[in-house]
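**Q** Just so it is clear, I am handing over model.pdb, which has PDB, C-alpha atoms and all ligand atoms.
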```pdb
MODEL        1
ATOM      1  CA  MET A   1      99.081 -13.612 -64.442
ATOM      2  CA  THR A   2      98.898 -15.031 -67.947
ATOM      3  CA  GLU A   3      96.708 -13.468 -70.566
ATOM      4  CA  GLN A   4      93.887 -15.914 -71.352
ATOM      5  CA  VAL A   5      92.339 -14.033 -74.248
ATOM      6  CA  SER A   6      91.572 -16.028 -77.387
ATOM      7  CA  GLN A   7      88.280 -14.299 -78.309
ATOM      8  CA  ILE A   8      87.948 -11.104 -80.310
ATOM      9  CA  VAL A   9      88.703  -8.190 -78.002
ATOM     10  CA  ILE A  10      88.368  -4.498 -78.752
ATOM     11  CA  ALA A  11      90.303  -2.342 -76.257
ATOM     12  CA  VAL A  12      89.135   1.229 -75.619
ATOM     13  CA  ASP A  13      91.181   3.425 -73.275
ATOM     14  CA  GLY A  14      91.221   7.086 -72.415
ATOM     15  CA  PRO A  15      90.711   9.676 -69.677
ATOM     16  CA  ALA A  16      87.465  10.386 -67.795
ATOM     17  CA  ALA A  17      84.477  11.603 -69.839
ATOM     18  CA  ALA A  18      86.224  11.334 -73.227
ATOM     19  CA  GLY A  19      83.338   9.330 -74.707
ATOM     20  CA  LYS A  20      84.932   5.883 -74.471
ATOM     21  CA  GLY A  21      81.899   4.373 -72.704
ATOM     22  CA  THR A  22      79.453   5.475 -75.403
ATOM     23  CA  LEU A  23      81.839   4.424 -78.172
ATOM     24  CA  SER A  24      82.335   1.014 -76.515
ATOM     25  CA  ARG A  25      78.603   0.401 -76.160
ATOM     26  CA  LEU A  26      78.057   1.282 -79.839
ATOM     27  CA  LEU A  27      80.884  -1.057 -80.902
ATOM     28  CA  ALA A  28      79.634  -3.895 -78.683
ATOM     29  CA  SER A  29      76.126  -3.581 -80.041
ATOM     30  CA  HIS A  30      77.273  -3.362 -83.693
ATOM     31  CA  TYR A  31      79.591  -6.412 -83.474
ATOM     32  CA  ARG A  32      77.380  -8.335 -81.001
ATOM     33  CA  LEU A  33      80.099  -8.514 -78.381
ATOM     34  CA  SER A  34      79.727  -8.215 -74.634
ATOM     35  CA  HIS A  35      80.881  -4.997 -73.020
ATOM     36  CA  LEU A  36      82.720  -4.373 -69.758
ATOM     37  CA  ASP A  37      83.221  -0.873 -68.411
ATOM     38  CA  THR A  38      86.246  -1.673 -66.233
ATOM     39  CA  GLY A  39      85.885   1.687 -64.466
ATOM     40  CA  LEU A  40      82.820   0.204 -62.775
ATOM     41  CA  THR A  41      84.995  -2.500 -61.178
ATOM     42  CA  TYR A  42      87.169   0.189 -59.532
ATOM     43  CA  ARG A  43      84.072   2.193 -58.642
ATOM     44  CA  ALA A  44      82.361  -0.828 -57.014
ATOM     45  CA  THR A  45      85.485  -1.549 -54.952
ATOM     46  CA  ALA A  46      85.666   2.089 -53.798
ATOM     47  CA  LYS A  47      81.959   2.199 -52.962
ATOM     48  CA  ALA A  48      82.193  -0.972 -50.865
ATOM     49  CA  LEU A  49      84.971   0.655 -48.791
ATOM     50  CA  LEU A  50      82.981   3.896 -48.411
ATOM     51  CA  ASP A  51      79.816   1.979 -47.418
ATOM     52  CA  ARG A  52      81.754   0.183 -44.660
ATOM     53  CA  GLY A  53      83.335   3.416 -43.446
ATOM     54  CA  LEU A  54      86.825   2.110 -44.284
ATOM     55  CA  PRO A  55      89.704   4.302 -45.497
ATOM     56  CA  LEU A  56      90.278   4.304 -49.260
ATOM     57  CA  ASP A  57      93.944   3.360 -48.790
ATOM     58  CA  ASP A  58      93.291   0.085 -46.916
ATOM     59  CA  GLU A  59      94.972  -2.008 -49.614
ATOM     60  CA  ASP A  60      94.396  -5.482 -48.136
ATOM     61  CA  MET A  61      90.706  -4.863 -47.485
ATOM     62  CA  ALA A  62      90.255  -3.250 -50.907
ATOM     63  CA  ALA A  63      91.984  -6.207 -52.586
ATOM     64  CA  GLU A  64      89.755  -8.644 -50.677
ATOM     65  CA  ILE A  65      86.670  -6.757 -51.900
ATOM     66  CA  ALA A  66      88.089  -6.683 -55.454
ATOM     67  CA  ARG A  67      88.698 -10.456 -55.407
ATOM     68  CA  THR A  68      85.096 -11.201 -54.507
ATOM     69  CA  LEU A  69      83.467  -8.686 -56.850
ATOM     70  CA  ASP A  70      80.687 -10.077 -59.063
ATOM     71  CA  LEU A  71      81.199  -8.510 -62.503
ATOM     72  CA  GLY A  72      77.646  -9.484 -63.432
ATOM     73  CA  ARG A  73      76.197  -7.227 -60.751
ATOM     74  CA  LEU A  74      77.837  -3.864 -61.451
ATOM     75  CA  ASP A  75      75.040  -1.292 -61.322
ATOM     76  CA  ARG A  76      75.979   1.813 -63.327
ATOM     77  CA  SER A  77      73.104   3.856 -61.881
ATOM     78  CA  VAL A  78      74.445   3.350 -58.347
ATOM     79  CA  LEU A  79      78.130   3.707 -59.275
ATOM     80  CA  SER A  80      78.074   6.655 -61.670
ATOM     81  CA  ALA A  81      78.210   9.431 -59.026
ATOM     82  CA  HIS A  82      81.063  11.882 -59.528
ATOM     83  CA  GLU A  83      82.386  11.323 -55.949
ATOM     84  CA  ILE A  84      82.605   7.574 -56.526
ATOM     85  CA  GLY A  85      84.731   8.241 -59.629
ATOM     86  CA  GLU A  86      87.103  10.296 -57.487
ATOM     87  CA  ALA A  87      87.278   7.540 -54.847
ATOM     88  CA  ALA A  88      87.813   4.903 -57.580
ATOM     89  CA  SER A  89      90.804   6.812 -58.918
ATOM     90  CA  LYS A  90      92.373   6.644 -55.425
ATOM     91  CA  VAL A  91      91.646   2.930 -54.995
ATOM     92  CA  ALA A  92      93.071   2.292 -58.490
ATOM     93  CA  VAL A  93      96.636   3.261 -57.495
ATOM     94  CA  MET A  94      96.977   0.151 -55.260
ATOM     95  CA  PRO A  95      98.751  -2.764 -57.030
ATOM     96  CA  LYS A  96      96.942  -5.547 -55.091
ATOM     97  CA  VAL A  97      93.578  -4.099 -56.138
ATOM     98  CA  ARG A  98      94.690  -3.831 -59.758
ATOM     99  CA  ARG A  99      95.966  -7.429 -59.773
ATOM    100  CA  ALA A 100      92.619  -8.764 -58.525
ATOM    101  CA  LEU A 101      90.508  -6.677 -60.908
ATOM    102  CA  VAL A 102      92.725  -7.295 -63.957
ATOM    103  CA  GLU A 103      92.419 -11.057 -63.337
ATOM    104  CA  ALA A 104      88.594 -10.812 -63.354
ATOM    105  CA  GLN A 105      88.637  -8.516 -66.415
ATOM    106  CA  ARG A 106      90.774 -11.038 -68.350
ATOM    107  CA  VAL A 107      88.357 -13.852 -67.534
ATOM    108  CA  PHE A 108      85.529 -11.658 -68.865
ATOM    109  CA  ALA A 109      87.548 -10.865 -72.022
ATOM    110  CA  ALA A 110      88.227 -14.554 -72.663
ATOM    111  CA  THR A 111      84.535 -15.501 -72.481
ATOM    112  CA  PRO A 112      82.660 -16.014 -75.784
ATOM    113  CA  PRO A 113      81.435 -14.264 -77.885
ATOM    114  CA  GLY A 114      84.295 -11.794 -77.325
ATOM    115  CA  SER A 115      84.124  -8.346 -75.885
ATOM    116  CA  VAL A 116      84.743  -4.647 -75.849
ATOM    117  CA  LEU A 117      86.546  -3.529 -72.689
ATOM    118  CA  ASP A 118      86.951   0.116 -71.834
ATOM    119  CA  GLY A 119      89.194   1.642 -69.191
ATOM    120  CA  ARG A 120      92.670   3.083 -68.725
ATOM    121  CA  ASP A 121      95.007   0.097 -69.172
ATOM    122  CA  ILE A 122      93.144  -2.316 -71.440
ATOM    123  CA  GLY A 123      95.487  -2.022 -74.427
ATOM    124  CA  THR A 124      98.634  -1.769 -72.318
ATOM    125  CA  VAL A 125      98.057  -4.314 -69.514
ATOM    126  CA  VAL A 126      94.720  -6.177 -69.466
ATOM    127  CA  CYS A 127      94.551  -7.263 -73.121
ATOM    128  CA  PRO A 128      97.823  -6.342 -74.876
ATOM    129  CA  ASN A 129      96.940  -8.819 -77.655
ATOM    130  CA  ALA A 130      93.547  -7.255 -78.412
ATOM    131  CA  LEU A 131      92.448  -7.382 -82.055
ATOM    132  CA  ILE A 132      92.347  -3.602 -82.128
ATOM    133  CA  LYS A 133      92.974  -0.771 -79.663
ATOM    134  CA  PHE A 134      91.574   2.732 -79.461
ATOM    135  CA  TYR A 135      92.658   5.641 -77.294
ATOM    136  CA  VAL A 136      89.806   8.135 -76.990
ATOM    137  CA  THR A 137      90.573  11.609 -75.771
ATOM    138  CA  ALA A 138      89.235  15.183 -75.794
ATOM    139  CA  SER A 139      90.286  18.461 -74.213
ATOM    140  CA  PRO A 140      89.616  18.718 -70.436
ATOM    141  CA  GLU A 141      87.196  21.624 -71.100
ATOM    142  CA  VAL A 142      85.080  19.613 -73.527
ATOM    143  CA  ARG A 143      85.067  16.611 -71.198
ATOM    144  CA  ALA A 144      84.023  18.773 -68.233
ATOM    145  CA  ARG A 145      81.225  20.301 -70.317
ATOM    146  CA  ARG A 146      79.970  16.825 -71.355
ATOM    147  CA  ARG A 147      80.004  15.566 -67.749
ATOM    148  CA  HIS A 148      78.236  18.752 -66.604
ATOM    149  CA  ASP A 149      75.529  18.418 -69.280
ATOM    150  CA  GLU A 150      75.042  14.732 -68.461
ATOM    151  CA  ILE A 151      74.452  15.545 -64.773
ATOM    152  CA  THR A 152      72.050  18.426 -65.459
ATOM    153  CA  ALA A 153      70.171  16.389 -68.111
ATOM    154  CA  ASN A 154      69.520  13.814 -65.380
ATOM    155  CA  GLY A 155      68.062  16.505 -63.133
ATOM    156  CA  GLY A 156      71.161  17.045 -60.981
ATOM    157  CA  SER A 157      72.996  20.278 -60.317
ATOM    158  CA  ALA A 158      76.637  20.646 -61.268
ATOM    159  CA  ASP A 159      79.391  23.235 -61.049
ATOM    160  CA  LEU A 160      81.340  23.366 -64.332
ATOM    161  CA  ASP A 161      84.539  24.826 -62.820
ATOM    162  CA  GLY A 162      84.535  22.260 -60.025
ATOM    163  CA  ILE A 163      84.098  19.405 -62.514
ATOM    164  CA  LEU A 164      86.934  20.753 -64.691
ATOM    165  CA  ALA A 165      89.239  20.985 -61.664
ATOM    166  CA  ASP A 166      88.367  17.399 -60.670
ATOM    167  CA  ILE A 167      88.948  16.122 -64.212
ATOM    168  CA  ILE A 168      92.396  17.721 -64.353
ATOM    169  CA  LYS A 169      93.257  16.272 -60.918
ATOM    170  CA  ARG A 170      91.960  12.835 -61.893
ATOM    171  CA  ASP A 171      93.888  12.830 -65.208
ATOM    172  CA  ALA A 172      97.076  13.571 -63.271
ATOM    173  CA  ARG A 173      96.416  10.845 -60.673
ATOM    174  CA  ASP A 174      95.556   8.247 -63.356
ATOM    175  CA  ALA A 175      98.506   9.169 -65.588
ATOM    176  CA  GLU A 176     101.151   9.563 -62.880
ATOM    177  CA  ARG A 177     100.538   6.417 -60.803
ATOM    178  CA  ALA A 178     103.359   3.875 -60.864
ATOM    179  CA  ASP A 179     101.204   0.797 -61.617
ATOM    180  CA  SER A 180      99.560   0.720 -65.076
ATOM    181  CA  PRO A 181      99.353   4.478 -65.662
ATOM    182  CA  LEU A 182      96.916   5.918 -68.188
ATOM    183  CA  ARG A 183      98.685   6.089 -71.553
ATOM    184  CA  PRO A 184      97.979   5.022 -75.122
ATOM    185  CA  ALA A 185      99.332   1.628 -76.184
ATOM    186  CA  SER A 186     101.966   2.077 -78.901
ATOM    187  CA  ASP A 187      99.652   0.343 -81.400
ATOM    188  CA  ALA A 188      96.437   2.186 -80.390
ATOM    189  CA  HIS A 189      94.425   4.267 -82.854
ATOM    190  CA  LEU A 190      93.930   7.767 -81.459
ATOM    191  CA  LEU A 191      90.423   9.248 -81.583
ATOM    192  CA  ASP A 192      90.259  12.867 -80.447
ATOM    193  CA  THR A 193      86.591  13.695 -79.840
ATOM    194  CA  THR A 194      87.172  17.370 -78.962
ATOM    195  CA  LYS A 195      85.599  18.458 -82.229
ATOM    196  CA  MET A 196      84.114  15.133 -83.285
ATOM    197  CA  SER A 197      80.737  13.736 -82.250
ATOM    198  CA  ILE A 198      80.727  10.272 -80.709
ATOM    199  CA  GLU A 199      78.754   9.072 -83.761
ATOM    200  CA  THR A 200      81.547  10.265 -86.074
ATOM    201  CA  ALA A 201      84.112   8.622 -83.799
ATOM    202  CA  PHE A 202      82.083   5.392 -84.007
ATOM    203  CA  GLU A 203      82.103   5.523 -87.835
ATOM    204  CA  ALA A 204      85.888   6.004 -87.829
ATOM    205  CA  ALA A 205      86.317   3.130 -85.358
ATOM    206  CA  ARG A 206      83.961   0.838 -87.295
ATOM    207  CA  ILE A 207      85.971   1.224 -90.509
ATOM    208  CA  LEU A 208      89.176   0.341 -88.619
ATOM    209  CA  VAL A 209      87.589  -2.674 -86.877
ATOM    210  CA  ASP A 210      86.181  -3.978 -90.184
ATOM    211  CA  ALA A 211      89.656  -3.722 -91.706
ATOM    212  CA  ALA A 212      91.204  -5.544 -88.717
ATOM    213  CA  LEU A 213      88.588  -8.324 -88.948
ATOM    214  CA  GLU A 214      89.436  -8.905 -92.618
ATOM    215  CA  HIS A 215      93.064  -9.731 -91.804
TER     216      HIS A 215
HETATM  217  O1  LIG B 301      86.256   5.394 -66.268
HETATM  218  P1  LIG B 301      85.800   5.750 -64.846
HETATM  219  O2  LIG B 301      85.634   7.213 -64.633
HETATM  220  O3  LIG B 301      84.589   4.978 -64.447
HETATM  221  O4  LIG B 301      86.994   5.233 -63.900
HETATM  222  C1  LIG B 301      87.047   5.530 -62.529
HETATM  223  C2  LIG B 301      88.490   5.420 -62.035
HETATM  224  O5  LIG B 301      88.901   4.048 -62.051
HETATM  225  C3  LIG B 301      89.513   6.143 -62.894
HETATM  226  O6  LIG B 301      89.728   7.475 -62.465
HETATM  227  C4  LIG B 301      90.760   5.320 -62.741
HETATM  228  C5  LIG B 301      90.261   3.931 -62.453
HETATM  229  N1  LIG B 301      90.378   2.998 -63.571
HETATM  230  C6  LIG B 301      91.602   2.403 -63.755
HETATM  231  O7  LIG B 301      92.552   2.724 -63.048
HETATM  232  N2  LIG B 301      91.755   1.442 -64.706
HETATM  233  C7  LIG B 301      90.738   1.106 -65.505
HETATM  234  N3  LIG B 301      90.917   0.144 -66.437
HETATM  235  C8  LIG B 301      89.476   1.740 -65.355
HETATM  236  C9  LIG B 301      89.331   2.700 -64.380
ENDMDL
END
```
In structure tokens, what does this structure look like?
Ligand code: DC
**A**
Amino acid sequence: MTEQVSQIVIAVDGPAAAGKGTLSRLLASHYRLSHLDTGLTYRATAKALLDRGLPLDDEDMAAEIARTLDLGRLDRSVLSAHEIGEAASKVAVMPKVRRALVEAQRVFAATPPGSVLDGRDIGTVVCPNALIKFYVTASPEVRARRRHDEITANGGSADLDGILADIIKRDARDAERADSPLRPASDAHLLDTTKMSIETAFEAARILVDAALEH
């Protein structure tokens, strides 16, 4: 796979519920770039397997689904369920699935007017030549609390301890897998949102992007 990117790309990586999605949407809107939440591509692949009653470790079937995924039809409202995130993290360990999805993500990144991609391996694997890279993190407790509040604000019920346990398990699975593990690129800017609002993180990121655009 060759990297096809020649447009402006902002890479945003980090663990679950760190705020990278919100930060990416704010950046995309400010710089008039398109935005791809690459987690949705793994979620859509996992959901298709679940819907067909297939096991989550059927690599060939999962890769076939990944190859035919329409990135224009990823519906966050259908894919955002906590259980689908868990299933996506399992599907994401399979190299054939990653190859297919990374290919599609690179095509998206190379499409004008440029883009913000968020995920786990954008700065390290998908777009190593991105204009600028961010790694957004926060303590597991703060991330669990944010996810909990998001679910209850939408009228759902959520168990804080259960969410925290899942977040810790998911961090380990994402960071310990052999293919494209979750880790900051060596040239990523770290944004720890444990004690920082997403708006403050956006301001910090905006100043860094403006500086990168001037060079
Ligand atoms: O960001 P998210 O919670 O929607 O991601 C769901 C899972 O998908 C995550 O636990 C790991 C996987 N993922 C990945 O491996 N690589 C990405 N670029 C994005 C997500």
**Q** Write as number ranges by chain the residues around ligand LIG 301 (chain B), taking 8 Å as the cut-off and counting only C-alpha atoms and all ligand atoms.
**A** A: 13, 15-17, 21, 37-43, 80, 84-93, 98, 118-122, 126, 170-171, 173-174, 180-182
**Q** Between A:Ala212, A:Ser197, A:His35, A:Val125, which is the closest to Pro113 of chain A once you count only C-alpha atoms?
**A** A:His35
**Q** Using all atoms listed in the file, which of the listed residues (A:Pro140, A:Pro55, A:Pro128, A:Gly14) sits closest to Leu164 of chain A?
**A** A:Pro140
**Q** Could you jot down the atom CA of Arg67 of chain A to atom CA of Leu49 of chain A separation for me, Å, one decimal place?
**A**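 Answer for the atom CA of Arg67 of chain A to atom CA of Leu49 of chain A separation: 13.5 Å.
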**Q** Quick one: residues within 8 Å of (99.9, 0.0, -75.8) (file frame), counting all atoms listed in the file, please, as number ranges by chain.
**A** A: 123-125, 128, 133, 183-188
**Q** Report as a short mmCIF file (atom, residue, chain, number, x, y, z; two decimals) with C-alpha atoms, keeping the file's coordinate frame all protein, DNA and RNA residues lying within 12 Å of Ile151 of chain A, evaluated on all atoms listed in the file, omitting residues in the same chain fewer than 4 positions from it.
**A**
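Result file selection_11.cif:
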```
data_model
loop_
_atom_site.label_atom_id
_atom_site.label_comp_id
_atom_site.auth_asym_id
_atom_site.auth_seq_id
_atom_site.Cartn_x
_atom_site.Cartn_y
_atom_site.Cartn_z
CA ALA A 17 84.48 11.60 -69.84
CA SER A 80 78.07 6.66 -61.67
CA ALA A 81 78.21 9.43 -59.03
CA HIS A 82 81.06 11.88 -59.53
CA ALA A 144 84.02 18.77 -68.23
CA ARG A 145 81.22 20.30 -70.32
CA ARG A 146 79.97 16.82 -71.36
CA ARG A 147 80.00 15.57 -67.75
CA GLY A 155 68.06 16.50 -63.13
CA GLY A 156 71.16 17.05 -60.98
CA SER A 157 73.00 20.28 -60.32
CA ALA A 158 76.64 20.65 -61.27
CA ASP A 159 79.39 23.24 -61.05
CA LEU A 160 81.34 23.37 -64.33
CA ILE A 163 84.10 19.40 -62.51
#
```
**Q** Distance cut-off 12 Å, centre (82.1, -11.6, -57.1) in file coordinates, counting only C-alpha atoms: which residues qualify? Return them as a list in words.
**A**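 Final list of nearby residues, as requested, is Thr41, Ala44, Thr45, Glu64, Ile65, Ala66, Arg67, Thr68, Leu69, Asp70, Leu71, Gly72, Arg73, Leu74, Ala100, Leu101, Ala104 and Gln105 of chain A.
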**Q** May I ask which of the residues A:Gln7, A:Thr193, A:Ser139, A:Ser115 is the closest one to His30 of chain A, counting all atoms listed in the file?
**A** A:Ser115
**Q** Counting all atoms listed in the file, which of A:Asp179, A:Asp75, A:Asp149, A:Asp192 gets nearest to Lys47 of chain A?
**A** A:Asp75
**Q** Counting only C-alpha atoms, which residue out of A:Val102, A:Ala175, A:Tyr135, A:Ala28 sits closest to Arg206 of chain A?
**A**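 Of A:Val102, A:Ala175, A:Tyr135, A:Ala28, the one nearest Arg206 of chain A, counting only C-alpha atoms, is A:Ala28.
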**Q** So what do you get for atom CA of Phe202 of chain A versus atom CA of Gly114 of chain A, distance-wise?
**A**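 Computing the Euclidean distance for atom CA of Phe202 of chain A and atom CA of Gly114 of chain A yields 18.6 Å.
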**Q** Using all atoms listed in the file, which of A:Leu33, A:Ala201, A:Ala48, A:Ala63 sits nearest Ala18 of chain A?
**A** A:Ala201
**Q** In Å, how far is it from atom CA of Ile8 of chain A to atom CA of Ala130 of chain A?
**A**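 Between these atoms lies a distance of 7.1 Å.
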